[in-house]
Structures are given as structure tokens and as C-alpha cells.
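Have a look at the structure below before the remarks.
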Amino acid sequence: MNTESPIIRPTGLDIARIRADFPILSLPSNGKRLTFLDTAASAQKPRQVIDAESHVYEAEYANIHRGVYDLSQRATVAYDKARTKVRKFINAASDREIVFVRNATEGVNLVAQTWGRRNLRQGDQIILSEMEHHANIVPWQMLREETGLELVVIPITDSGELVWEAYEKAFTSKTRLVAMTQVSNALGTITPMAEIIKVAHSHGVPVLVDGCQAVPHMPVDVQALDADFYVFSSHKLYGPTGVGVLYTKAKILEAMPPYQGGGDMISSVTWAKTTYADIPQRFEAGTPNIAGTIALGAAIDYIESFDRQALMAHEHALLEYATERLQALNSITIYGTAAEKAAVISFAIKGVHPHDVGTILDFEGIAVRAGHHCAQPVMDRFGVPATTRASFGIYNDFDDVDALIRGIGKVQEIFG
Amino acid sequence: MNDLRELYQEVILDHGRKPRNFGALPDANREAHGHNPLCGDKLDVRLLVKDGIVEDVKFEGAGCAISVASASLMTEALKGRTEAEANALFEKFHALITGEADVTLDQLEELDKLAVFSGVRDYPLRVKCATLGWHTMHAALENNGETVVTE
């Protein structure tokens with residue numbers, strides 16, 4: 001079975017040009033062409049983002065919201081502009097609804113520790129799905145230990161889709177929050193988030209969306225979704241590490257107590273009493289990741305320089321081609337076969353542990369994730385300790401899929 | 001490909017596929033549970049120690065070829081040794097695969113078949129795989145019933 005010529009190239013995107021924007025892709029890995037298939041863990045960065053970050057330090061750096069001198073003002077303007085870019089990117093109603101954090105994980109923790117601590121009591125319930133990332137499980141478990149709240153977990157089907165009836169029936173008079181992923185990092189499943197939110201709101205329950213894997217791969221409109229909280233990370237969006245975004249509806253955010261105390265989050269401080277700054281500054285204590293945040297703005301500019309429908313079509317074509325070629329091989333099981341899927345494929349090769357698969361593929365210059373993908377409950381659901389995961393980004397091409405298939409051939413040759 | 005064969009030597013593939021001394025050891029008097037949270041590998045090591053001598057040793061669990069083969073070859077190497085010898089062998093093995101200390105020819109000889117794991121030292125992320133069984137064995141001898149975590 002050899003079908004090494006892709007059937008569909010429908011997007012009109014110049015992938016070779018996109019690849020040229022990513023310096024790391026031109027470097028060999030183990031002496032081979034780098035086949036980077038771990039974008040779901042963290043995306044590579046285009047020259048435009050790298051340059052934006054170094055430009056800050058070379059020409060525009062000073063602390064923000066403090067100095068009256070020119071450099072500080074320019075840095076402040078650039079930082080605030082990044083907030084506006086994020087607001088437009090996810091179509092939030094106001095810049096005030098955008099809180100910069102370290103990453104999506106911190107966004108969830110912030111909500112748990114401020115909104116959650118204030119609003120959740122013993123016996124209250126939070127609805128999660130069985131396919132959540134640890135980042136959307138552990139902060140709630142920590143709060144459970146503190147408050148005695150309950151976690152209600154909605155099961156998933158064998159194909160990795162939410163069991164819809166179970167979700168609809170999960171609401172009780174004690175339900176206080178739904179916290180759910182829009183795209184599963186381990187299975188690729190795209191959840192019907194608009195419907196999920198509609199159902200929750202019909203019960204008067206707010207929804208926190210883990211949008212880490214969604215934002216890089218599809219246009220997101222938080223107002224159209226009517227999301228109450230939405231978190232994502234810069235580093236999965238081709239931006240730098242160390243920056244994340246927490247979107248929260250203004251009327252909810254205004255009522256939330258501060259997260260961490262310090263500079264930049266206060267209105268006035270005396271020994272007797274401190275008053276806190278307005279949103280979003282109230283949640284941004286201390287000097288933030290200034291250059292990284294500005295570079296996130298550059299990453300958003302970069303993504304938006306493309307036709308996003310074309311990017312989605314390209315990634316979907318890669319997913320279909322890779323799925324087809326994997327299914328044509330013997331002894332491959334794919335975990336996650338939802339009808340709506342992002343370009344993530346978790347799989348097992350019969351008789352070979354994912355770590356051995358990962359090491360052998362690495363010899364061929366192929367970077368995949370081998371492990372539990374920070375989603376151990378998903379692994380338990382499918383009865384495996386770990387899987388091998390190939391995930392795609394805007395710079396992947398059909399040659400990358402062919403390399404993966406050849407690499408799996410090597411694995412089977414060695415373990416055959 | 002040559003490099004790959006250096007890591008995945010035939011002995012390792014063989015023991016990974018058909019681990020020796022695999023299964024329960026009902027009359028064991030020492031045991032420990034080992035876990036590598038990074039990859040989900042889990043191994044139980046059980047020993048029967050009489051008068052300071054390892055009379056029997058078995059393991060059970062699931063893991064990658066490196067960790068299963070390493071535990072398998074370990075069980076073969078341990079039988080009949082004193083506790084002190086078992087721990088000393090662990091130290092030599094550890095030095096071999098971490099590259100922390102130079103291993104002399106004499107020591108290599110003593111490691112015998114275990115020397116096939118020398119290729120692991122070039123893969124820092126896989127060292128934990130190769131040592132999981134050994135750490136677990138060590139814990140079983142030191143402290144009965146404890147869970148060992150390598151990551």
C-alpha cells in the first residue's frame with residue numbers, strides 16, 4: 001500500500017512560504033529534515049514573533065504604567081495595544097475583559113481562586129468532561145479540598161465525543177459552573193461549545209471554556225459563544241511562552257476579588273487600607289511579561305494575515321490524509337474519532353510502547369508527543385497508559401505526514 | 001539506523017517482548033511499587049530474601065521496551081546475590097547508564113548482559129525508563145511496601 005501523493009491540496013496557501021517564516025524548521029533534527037508534529041504541546045514561532053520580542057528589548061523596553069518618559073510610554077502603548085489585538089481576535093466587547101496571565105493554566109487557577117472561592121460552597125457542583133486537560137481538573141480539585149464542592153464528570157463515547165444526554169441531565173439546583181474544553185488536546189475532539197453554553201445558560205449556570213487548542217485552529221468569537229470565561233495560551237498560538245489570556249465578561253470580572261496583591265493592581269495603598277484598581281489591572285499584580293505580551297500581539301497579526309478558513313481547510317486536509325494513511329497500516333489504533341476533530345491524532349502501534357515509538361521517530365527527525373498528554377483520565381477511559389500523538393500546525397505539509405508513515409514503518413521493522 | 005540498533009539491541013528487544021521472571025511471587029517477603037508518571041510505566045518488584053540472599057525475584061507491570069527489558073535482565077542478574085551485592089550492582093548499573101562515573105572494564109564485565117543498556121546514556125529522557133525496575137528493587141530491599149516514583 002503506497003499512496004505517497006496526497007489526494008487533496010485545496011487551500012491555495014503557500015505552505016513553503018509559511019515554513020520559511022519559521023527559522024527552526026530549516027534546522028535539521030538528528031541529521032534529518034525536522035518533521036515537527038507536536039504543535040498541540042507548543043507551537044513553533046515565526047520570525048515575525050521572534051523579531052517583535054527582540055525589537056521590544058532593543059528599542060522599546062521600559063516598565064509599563066509607571067514612567068512618564070518616552071520609552072516607558074512607548075512600551076505602555078505597545079502593551080496596551082496587544083490587549084486590544086487580543087480583544088479583537090476573540091471579539092470580546094471591551095479591552096477591560098482581557099486579563100493577561102502566564103498561561104491558560106494560570107487563567108483557570110485565577111478563576112478558581114477568586115470567583116470560585118467567593119461563590120462556591122460545600123455541596124455546590126461543577127460540571128467537567130472526561131476529556132479535560134489536567135489544567136482544567138486540578139484547580140477545581142484543589143478548590144474541592146478547600147470548600148467541599150463536587151465535581152460532576154460527563155463521560156465521553158468510544159469515539160471521544162461528549163455523551164450529550166448525560167450533559168443535559170447533569171444539571172441540578174446545585175450546579176454552579178461548567179468548565180469544559182473546546183478542543184481536546186489528547187483526542188482532537190471539537191466540542192459543540194455554543195450548544196454547551198446555551199444549555200448551561202438555560203439553567204443560569206456560567207461556563208468557563210478551555211480554548212487552548214481551539215484558538216490556534218479556528219476563529220473564536222466569545223460573544224457569539226456567549227462564554228463567561230475563556231482561557232488560552234500564547235505559546236500554542238505561535239506566540240512566546242509565559243503569556244496567557246483570561247477573558248471574563250466585564251460584569252463577572254468586576255465582582256471578582258483580586259488574585260495576587262502587589263504593584264499595578266492597586267488604586268491607592270495606605271497602612272490602614274488599600275483600594276484595588278479597576279479591571280483588568282486588578283488581576284495583573286507586578287511587572288508582567290511585557291515583551292512576551294507585545295509579541296503575542298505579533299503572533300495574532302501573523303495568524304490574521306492569512307485567510308483563516310484556508311488555514312482550517314489546510315489543517316483539516318492534513319488530518320484526513322494522515323488518518324487515511326494511518327488506517328491503511330496494520331496494527332494501528334486511533335484514539336479519538338469524533339465527527340468534528342482538530343488536526344490531532346492519538347494512536348497506538350500494537351505491541352510497541354509510545355515512548356519507544358517516540359524515540360525511534362526522533363531518530364528520523366520526527367517530533368511527536370508520547371505520553372498521557374496531561375489528560376490521564378482520557379487515557380484511563382481508553383484503558384491505555386499512554387499514546388503517541390501527532391498534531392499539526394499551519395507549517396505542516398503532506399511531506400510531514402509521509403515522513404510520519406515512513407517512521408512508523410521503521411518502528412514496525414525494529415519491533416516486528 | 002546503526003544508532004537505533006545500538007539503543008534497541010536484540011537482547012533488549014527480546015527481553016522487552018518476552019520478559020523473564022515476569023509474574024507473581026506469592027512467597028515474596030520484600031516488595032515495592034514503581035511508577036514513572038512521565039510515561040505511565042508501572043512496575044511491581046517482589047523478592048524472596050533469605051539470610052541476606054536474594055533467592056528469587058519477579059516483577060509485574062507495563063512499560064516501554066527499555067523499562068521492561070531492564071527489569072527483566074535485572075531479575076536474572078540478581079538471583080543468588082546478597083543484598084549488599086544487589087545494591088552494589090544497582091550502583092554500577094546506574095553509573096553506566098547515567099554516564100555519571102566512568103565504568104571500568106572490570107565493572108563492565110561484572111555488569112555482563114546489563115551492559116547492553118549503555119546506549120541509554122545518550123538519551124537522558126530514557127534513563128528513568130532503564131532505572132525504574134532497579135529503583136523499585138532497591139526500595140523493596142530498603143523499605144518494604146513503598147511506592148517509588150521516577151520522573
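To be explicit about the labels: the chains of the C-alpha cells are called A, B, and onward in the order shown, and within each one the residues are counted from 1, while ligands get numbers from 1 in the order they are shown.
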*asked:* Could you pull out the strand (DSSP E or B) residues of region 6-221 of chain A, going by DSSP on the backbone, and write them as an MDAnalysis selection string?
replied: chainID A and resid 29 32 35:36 38 98:101 125:129 150:154 156 162 175:181 183 189:190 207:210
Quick one: everything within 6 Å of His373 (chain A), counting only C-alpha atoms, minus sequence neighbours fewer than 2 positions away in the same chain. Send it as a tab-separated table (two decimals) with N, CA and C atoms, in the first residue's frame.
```
chain	number	residue	atom	x	y	z
A	186	ALA	N	-5.92	15.73	23.77
A	186	ALA	CA	-5.49	14.33	23.65
A	186	ALA	C	-6.20	13.62	22.51
A	371	GLY	N	3.01	10.00	25.54
A	371	GLY	CA	2.72	10.09	26.96
A	371	GLY	C	1.24	10.18	27.20
A	375	ALA	N	-3.60	14.38	30.34
A	375	ALA	CA	-5.03	14.05	30.35
A	375	ALA	C	-5.17	12.58	30.76
```
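Restricting the calculation to only C-alpha atoms, the smallest distance between Gln281 (chain A) and any of A:Val344, A:Val101, A:Ala170, A:Leu37 is found for A:Val101.
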For chain A against chain B, with a cut-off of 10 Å and counting only C-alpha atoms, what is the closest atom pair and its distance in Å to one decimal for every residue that makes the cut, ordered by chain and number, as JSON lines?
```
{"residue": "A:Gly351", "atom": "CA", "partner": "B:Arg17", "partner_atom": "CA", "distance": 8.2}
{"residue": "A:Val352", "atom": "CA", "partner": "B:Cys64", "partner_atom": "CA", "distance": 7.3}
{"residue": "A:His353", "atom": "CA", "partner": "B:Cys64", "partner_atom": "CA", "distance": 4.8}
{"residue": "A:Pro354", "atom": "CA", "partner": "B:Cys64", "partner_atom": "CA", "distance": 7.3}
{"residue": "A:His355", "atom": "CA", "partner": "B:Cys64", "partner_atom": "CA", "distance": 6.2}
{"residue": "A:Asp356", "atom": "CA", "partner": "B:Cys64", "partner_atom": "CA", "distance": 6.2}
{"residue": "A:Val357", "atom": "CA", "partner": "B:Cys64", "partner_atom": "CA", "distance": 9.3}
{"residue": "A:Thr359", "atom": "CA", "partner": "B:Arg126", "partner_atom": "CA", "distance": 8.7}
{"residue": "A:Ile360", "atom": "CA", "partner": "B:Leu4", "partner_atom": "CA", "distance": 7.1}
{"residue": "A:Phe363", "atom": "CA", "partner": "B:Leu4", "partner_atom": "CA", "distance": 7.2}
{"residue": "A:Glu364", "atom": "CA", "partner": "B:Met1", "partner_atom": "CA", "distance": 9.0}
{"residue": "A:Ala370", "atom": "CA", "partner": "B:Cys39", "partner_atom": "CA", "distance": 7.5}
{"residue": "A:Gly371", "atom": "CA", "partner": "B:Cys39", "partner_atom": "CA", "distance": 4.9}
{"residue": "A:His372", "atom": "CA", "partner": "B:Cys39", "partner_atom": "CA", "distance": 6.7}
{"residue": "A:His373", "atom": "CA", "partner": "B:Cys39", "partner_atom": "CA", "distance": 9.4}
{"residue": "A:Cys374", "atom": "CA", "partner": "B:Leu38", "partner_atom": "CA", "distance": 9.3}
{"residue": "A:Gln376", "atom": "CA", "partner": "B:Gly40", "partner_atom": "CA", "distance": 9.0}
{"residue": "A:Met379", "atom": "CA", "partner": "B:Gly40", "partner_atom": "CA", "distance": 9.8}
{"residue": "A:Val384", "atom": "CA", "partner": "B:Gly40", "partner_atom": "CA", "distance": 9.1}
{"residue": "A:Pro385", "atom": "CA", "partner": "B:Gly40", "partner_atom": "CA", "distance": 5.3}
{"residue": "A:Ala386", "atom": "CA", "partner": "B:Gly40", "partner_atom": "CA", "distance": 6.5}
{"residue": "A:Thr387", "atom": "CA", "partner": "B:Cys39", "partner_atom": "CA", "distance": 9.3}
{"residue": "A:Lys410", "atom": "CA", "partner": "B:Met1", "partner_atom": "CA", "distance": 9.1}
{"residue": "A:Ile414", "atom": "CA", "partner": "B:Tyr8", "partner_atom": "CA", "distance": 8.0}
{"residue": "A:Phe415", "atom": "CA", "partner": "B:Leu13", "partner_atom": "CA", "distance": 7.1}
{"residue": "A:Gly416", "atom": "CA", "partner": "B:Leu13", "partner_atom": "CA", "distance": 9.8}
```
Kindly export the residues of the current selection with N, CA and C atoms, as a PDB file, in the first residue's frame.
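The resulting file, result-v1.pdb, is reproduced below:
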```pdb
ATOM      1  N   GLY A 351       1.762  -3.545  20.293  1.00  0.00           N
ATOM      2  CA  GLY A 351       2.972  -4.192  20.795  1.00  0.00           C
ATOM      3  C   GLY A 351       4.148  -3.257  21.005  1.00  0.00           C
ATOM      4  N   VAL A 352       3.985  -1.980  20.742  1.00  0.00           N
ATOM      5  CA  VAL A 352       5.099  -1.038  20.942  1.00  0.00           C
ATOM      6  C   VAL A 352       4.641   0.097  21.861  1.00  0.00           C
ATOM      7  N   HIS A 353       5.414   0.311  22.907  1.00  0.00           N
ATOM      8  CA  HIS A 353       5.072   1.387  23.847  1.00  0.00           C
ATOM      9  C   HIS A 353       5.310   2.754  23.188  1.00  0.00           C
ATOM     10  N   PRO A 354       4.438   3.729  23.443  1.00  0.00           N
ATOM     11  CA  PRO A 354       4.591   5.056  22.827  1.00  0.00           C
ATOM     12  C   PRO A 354       5.972   5.690  23.030  1.00  0.00           C
ATOM     13  N   HIS A 355       6.600   5.422  24.167  1.00  0.00           N
ATOM     14  CA  HIS A 355       7.926   6.010  24.370  1.00  0.00           C
ATOM     15  C   HIS A 355       8.954   5.442  23.408  1.00  0.00           C
ATOM     16  N   ASP A 356       8.826   4.165  23.101  1.00  0.00           N
ATOM     17  CA  ASP A 356       9.730   3.579  22.113  1.00  0.00           C
ATOM     18  C   ASP A 356       9.416   4.129  20.725  1.00  0.00           C
ATOM     19  N   VAL A 357       8.125   4.309  20.442  1.00  0.00           N
ATOM     20  CA  VAL A 357       7.726   4.917  19.167  1.00  0.00           C
ATOM     21  C   VAL A 357       8.354   6.310  19.052  1.00  0.00           C
ATOM     22  N   THR A 359      10.958   7.590  20.550  1.00  0.00           N
ATOM     23  CA  THR A 359      12.424   7.575  20.402  1.00  0.00           C
ATOM     24  C   THR A 359      12.831   7.201  18.980  1.00  0.00           C
ATOM     25  N   ILE A 360      12.165   6.212  18.419  1.00  0.00           N
ATOM     26  CA  ILE A 360      12.543   5.783  17.064  1.00  0.00           C
ATOM     27  C   ILE A 360      12.170   6.858  16.041  1.00  0.00           C
ATOM     28  N   PHE A 363      14.724   9.562  15.876  1.00  0.00           N
ATOM     29  CA  PHE A 363      15.882   9.248  15.026  1.00  0.00           C
ATOM     30  C   PHE A 363      15.658   9.702  13.589  1.00  0.00           C
ATOM     31  N   GLU A 364      14.400   9.701  13.203  1.00  0.00           N
ATOM     32  CA  GLU A 364      14.059  10.085  11.832  1.00  0.00           C
ATOM     33  C   GLU A 364      13.756  11.575  11.729  1.00  0.00           C
ATOM     34  N   ALA A 370       4.749  11.589  23.151  1.00  0.00           N
ATOM     35  CA  ALA A 370       4.465  10.229  23.625  1.00  0.00           C
ATOM     36  C   ALA A 370       4.209  10.335  25.117  1.00  0.00           C
ATOM     37  N   GLY A 371       3.012  10.002  25.541  1.00  0.00           N
ATOM     38  CA  GLY A 371       2.724  10.093  26.964  1.00  0.00           C
ATOM     39  C   GLY A 371       1.235  10.178  27.200  1.00  0.00           C
ATOM     40  N   HIS A 372       0.876  10.777  28.340  1.00  0.00           N
ATOM     41  CA  HIS A 372      -0.551  10.844  28.683  1.00  0.00           C
ATOM     42  C   HIS A 372      -1.147  12.199  28.329  1.00  0.00           C
ATOM     43  N   HIS A 373      -0.343  13.102  27.771  1.00  0.00           N
ATOM     44  CA  HIS A 373      -0.829  14.396  27.269  1.00  0.00           C
ATOM     45  C   HIS A 373      -1.503  15.226  28.357  1.00  0.00           C
ATOM     46  N   CYS A 374      -1.060  15.062  29.589  1.00  0.00           N
ATOM     47  CA  CYS A 374      -1.678  15.780  30.713  1.00  0.00           C
ATOM     48  C   CYS A 374      -3.189  15.561  30.721  1.00  0.00           C
ATOM     49  N   GLN A 376      -4.670  12.271  31.964  1.00  0.00           N
ATOM     50  CA  GLN A 376      -4.684  10.866  32.399  1.00  0.00           C
ATOM     51  C   GLN A 376      -6.087  10.254  32.432  1.00  0.00           C
ATOM     52  N   MET A 379      -6.739   8.765  29.165  1.00  0.00           N
ATOM     53  CA  MET A 379      -6.002   7.509  28.973  1.00  0.00           C
ATOM     54  C   MET A 379      -6.719   6.364  29.704  1.00  0.00           C
ATOM     55  N   VAL A 384      -5.474   2.768  28.256  1.00  0.00           N
ATOM     56  CA  VAL A 384      -4.066   2.751  27.839  1.00  0.00           C
ATOM     57  C   VAL A 384      -3.266   3.650  28.779  1.00  0.00           C
ATOM     58  N   PRO A 385      -1.978   3.318  29.021  1.00  0.00           N
ATOM     59  CA  PRO A 385      -1.185   4.175  29.902  1.00  0.00           C
ATOM     60  C   PRO A 385      -0.759   5.454  29.189  1.00  0.00           C
ATOM     61  N   ALA A 386      -0.674   5.377  27.871  1.00  0.00           N
ATOM     62  CA  ALA A 386      -0.138   6.499  27.099  1.00  0.00           C
ATOM     63  C   ALA A 386      -0.468   6.271  25.631  1.00  0.00           C
ATOM     64  N   THR A 387      -0.362   7.329  24.833  1.00  0.00           N
ATOM     65  CA  THR A 387      -0.476   7.171  23.384  1.00  0.00           C
ATOM     66  C   THR A 387       0.624   7.984  22.720  1.00  0.00           C
ATOM     67  N   LYS A 410       9.599   2.180  10.183  1.00  0.00           N
ATOM     68  CA  LYS A 410      10.862   1.864  10.879  1.00  0.00           C
ATOM     69  C   LYS A 410      10.571   1.242  12.248  1.00  0.00           C
ATOM     70  N   ILE A 414      11.751  -2.513  13.438  1.00  0.00           N
ATOM     71  CA  ILE A 414      12.582  -2.832  14.600  1.00  0.00           C
ATOM     72  C   ILE A 414      11.846  -3.734  15.591  1.00  0.00           C
ATOM     73  N   PHE A 415      10.570  -3.448  15.786  1.00  0.00           N
ATOM     74  CA  PHE A 415       9.811  -4.226  16.765  1.00  0.00           C
ATOM     75  C   PHE A 415       9.049  -5.391  16.129  1.00  0.00           C
ATOM     76  N   GLY A 416       9.222  -5.565  14.806  1.00  0.00           N
ATOM     77  CA  GLY A 416       8.422  -6.553  14.061  1.00  0.00           C
ATOM     78  C   GLY A 416       8.634  -7.972  14.520  1.00  0.00           C
TER      79      GLY A 416
END
```
*asked:* I'd like the contact shell of region 201-213 of chain A - 9 Å cut-off, only C-alpha atoms, skipping same-chain residues fewer than 6 positions apart - returned as an NGL selection string.
replied: :A and (40 or 104 or 108 or 111 or 132-133 or 135-136 or 171-173 or 175-185 or 188 or 193 or 220 or 226-234 or 236-237 or 248 or 342)
